[in-house]
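What follows is a set of notes on a single structure, which appears directly below.
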Amino acid sequence: MTSVAIVTGASSGIGAATARRLAAEGFHVLAAARRTDRLTDLVAEIAAAGGSATAVACDVTSDESVAGLAEAAAAAPGPVTLLVNNAGGARGLDPVESGSVGDWQWMYDVNVLGTLRVTQALLPALAASGAGTIVIVSSTAGFTVYEGGGGYAAAKHAQTAIAGTLRLELSGRPVRVIEIDPGMVKTDEFGLVRFGGDADKAAAVYAGVAEPLVAEDVADCIAWCATRPHHVNVDRLVVRPLAQADQHKVHRVT
């Protein structure tokens, strides 16, 4: 039977690229996100390329919505062997002193509690498959802090803690846990969401960087980790563009 992969946050960016890549790898993909119009287009694109996918409306901040995702997984055309917890995002670049509590709360709910909700809901199916894999897409902000990034770094540190804890707790069960930590990735929406739709501020992040990572680079890493033999667990994969040596060390051409 065809293995089923579930990708959250699949309507754009890394999530959409991952859905396309996993479908090309032979998975039936449940593409989950809030924006069903985009999912419909994505599923049609995957089908036109010879792949197989299903759109599932899902808001990872809603218990009821995540329960619906689990129901869709139960009805999928094969065992659920892969979950990619990709839904997330950043809001604001304010210092802790003046950061918005609402922005921090949103980041925690989407990145951290979203990962918790979806993982809890899908873990029984992943374990029942006998060869389950959970991928948590965190960030280099999950282990390195930077000015203005307190809320996002706090949320990503928490995701890293979930990955490490879950790996310990699942020891002896047929489910591996993989953490992907991208650095600078240029996508259509991440910066726009962070800066409230300000395209100039979003573009300034990548100014002078000739080749930042793109969504397909991260999708390639996710697919590689997820398709290793099941006894091979890539605990953590950190991926940055060549131009970025660290959070504060980025080569820019002026």
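Identifiers in this document derive from the order of the structure tokens: chains are assigned A, B, ..., residues are numbered from 1 separately in each chain, and ligands are numbered from 1 in order of occurrence.
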
Inset, instruction - Check the DSSP output for the backbone and give back, as a ChimeraX atom specification, the residues of segment 77-177 of chain A in alpha helix (DSSP H). - result: /A:101-107,114-128,150-169

Legend entry - Surrounding residues of segment 68-70 of chain A excluding itself and chain neighbours under 6 positions, 7 Å, only C-alpha atoms, as JSON, numbers by chain: {"A": [56, 58, 121, 122]}

Compile a residue-level contact table for segment 4-69 of chain A against segment 93-110 of chain A at a cut-off of 9 Å, reporting for every qualifying residue the shortest atom pair and its distance in Å to one decimal, with only C-alpha atoms counted, rows ordered by chain and ascending number, as a tab-separated table.
```
residue	atom	partner	partner_atom	distance
A:Asp59	CA	A:Val110	CA	8.9
A:Val60	CA	A:Val110	CA	6.5
A:Thr61	CA	A:Val110	CA	5.9
```

Inset, instruction - Would you kindly return, as a list in words, each protein, DNA or RNA residue with an atom no farther than 7 Å from any atom of Ala243 of chain A, considering only C-alpha atoms and excluding same-chain residues fewer than 6 positions away? - result: Val209, Val250 and His251 of chain A

Legend entry - Non-local contacts of segment 9-24 of chain A (8 Å; only C-alpha atoms; under 6 positions in same chain excluded) as a PyMOL selection string: chain A and resi 31-36+38-39+42+46+50-53+85-88+187-190+215-216+218-220+222-223

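Nearest to Thr54 of chain A of all the residues A:Ala5, A:Ala72, A:Leu30, A:Leu237 is A:Leu30, counting only C-alpha atoms.
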
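If you measure from each of A:Pro174, A:Gly148, A:Gly142, A:Gly196 to Ala128 of chain A using only C-alpha atoms, the closest one turns out to be A:Pro174.
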
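Atom CA of Gly150 of chain A sits 14.7 Å away from atom CA of His248 of chain A.
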
Inset, instruction - Do a neighbour search on Leu82 of chain A at 6 Å with only C-alpha atoms, toss out local chain neighbours closer than 6 positions, and write the hits as an MDAnalysis selection string. - result: chainID A and resid 5 132:134

Write the residues you've just listed into a file as a PDB file, in the first residue's frame, and include C-alpha atoms for each of them.
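So selection26.pdb came out as:
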```pdb
ATOM      1  CA  ALA A   5       2.726  11.637   4.565  1.00  0.00           C
ATOM      2  CA  GLY A 132       6.658   6.059  11.686  1.00  0.00           C
ATOM      3  CA  THR A 133       8.644   9.265  11.336  1.00  0.00           C
ATOM      4  CA  ILE A 134       7.943  12.641  12.919  1.00  0.00           C
TER       5      ILE A 134
END
```

Inset, instruction - Give me every strand (DSSP E or B) residue in segment 84-240 of chain A, going by DSSP on the backbone, as a PyMOL selection string. - result: chain A and resi 84-85+132-137+175-182+185-186+213-214+236-239

Legend entry - Pick from A:Gly92, A:Val118, A:Arg176, A:Leu166 nearest to Thr227 of chain A, counting only C-alpha atoms: A:Arg176
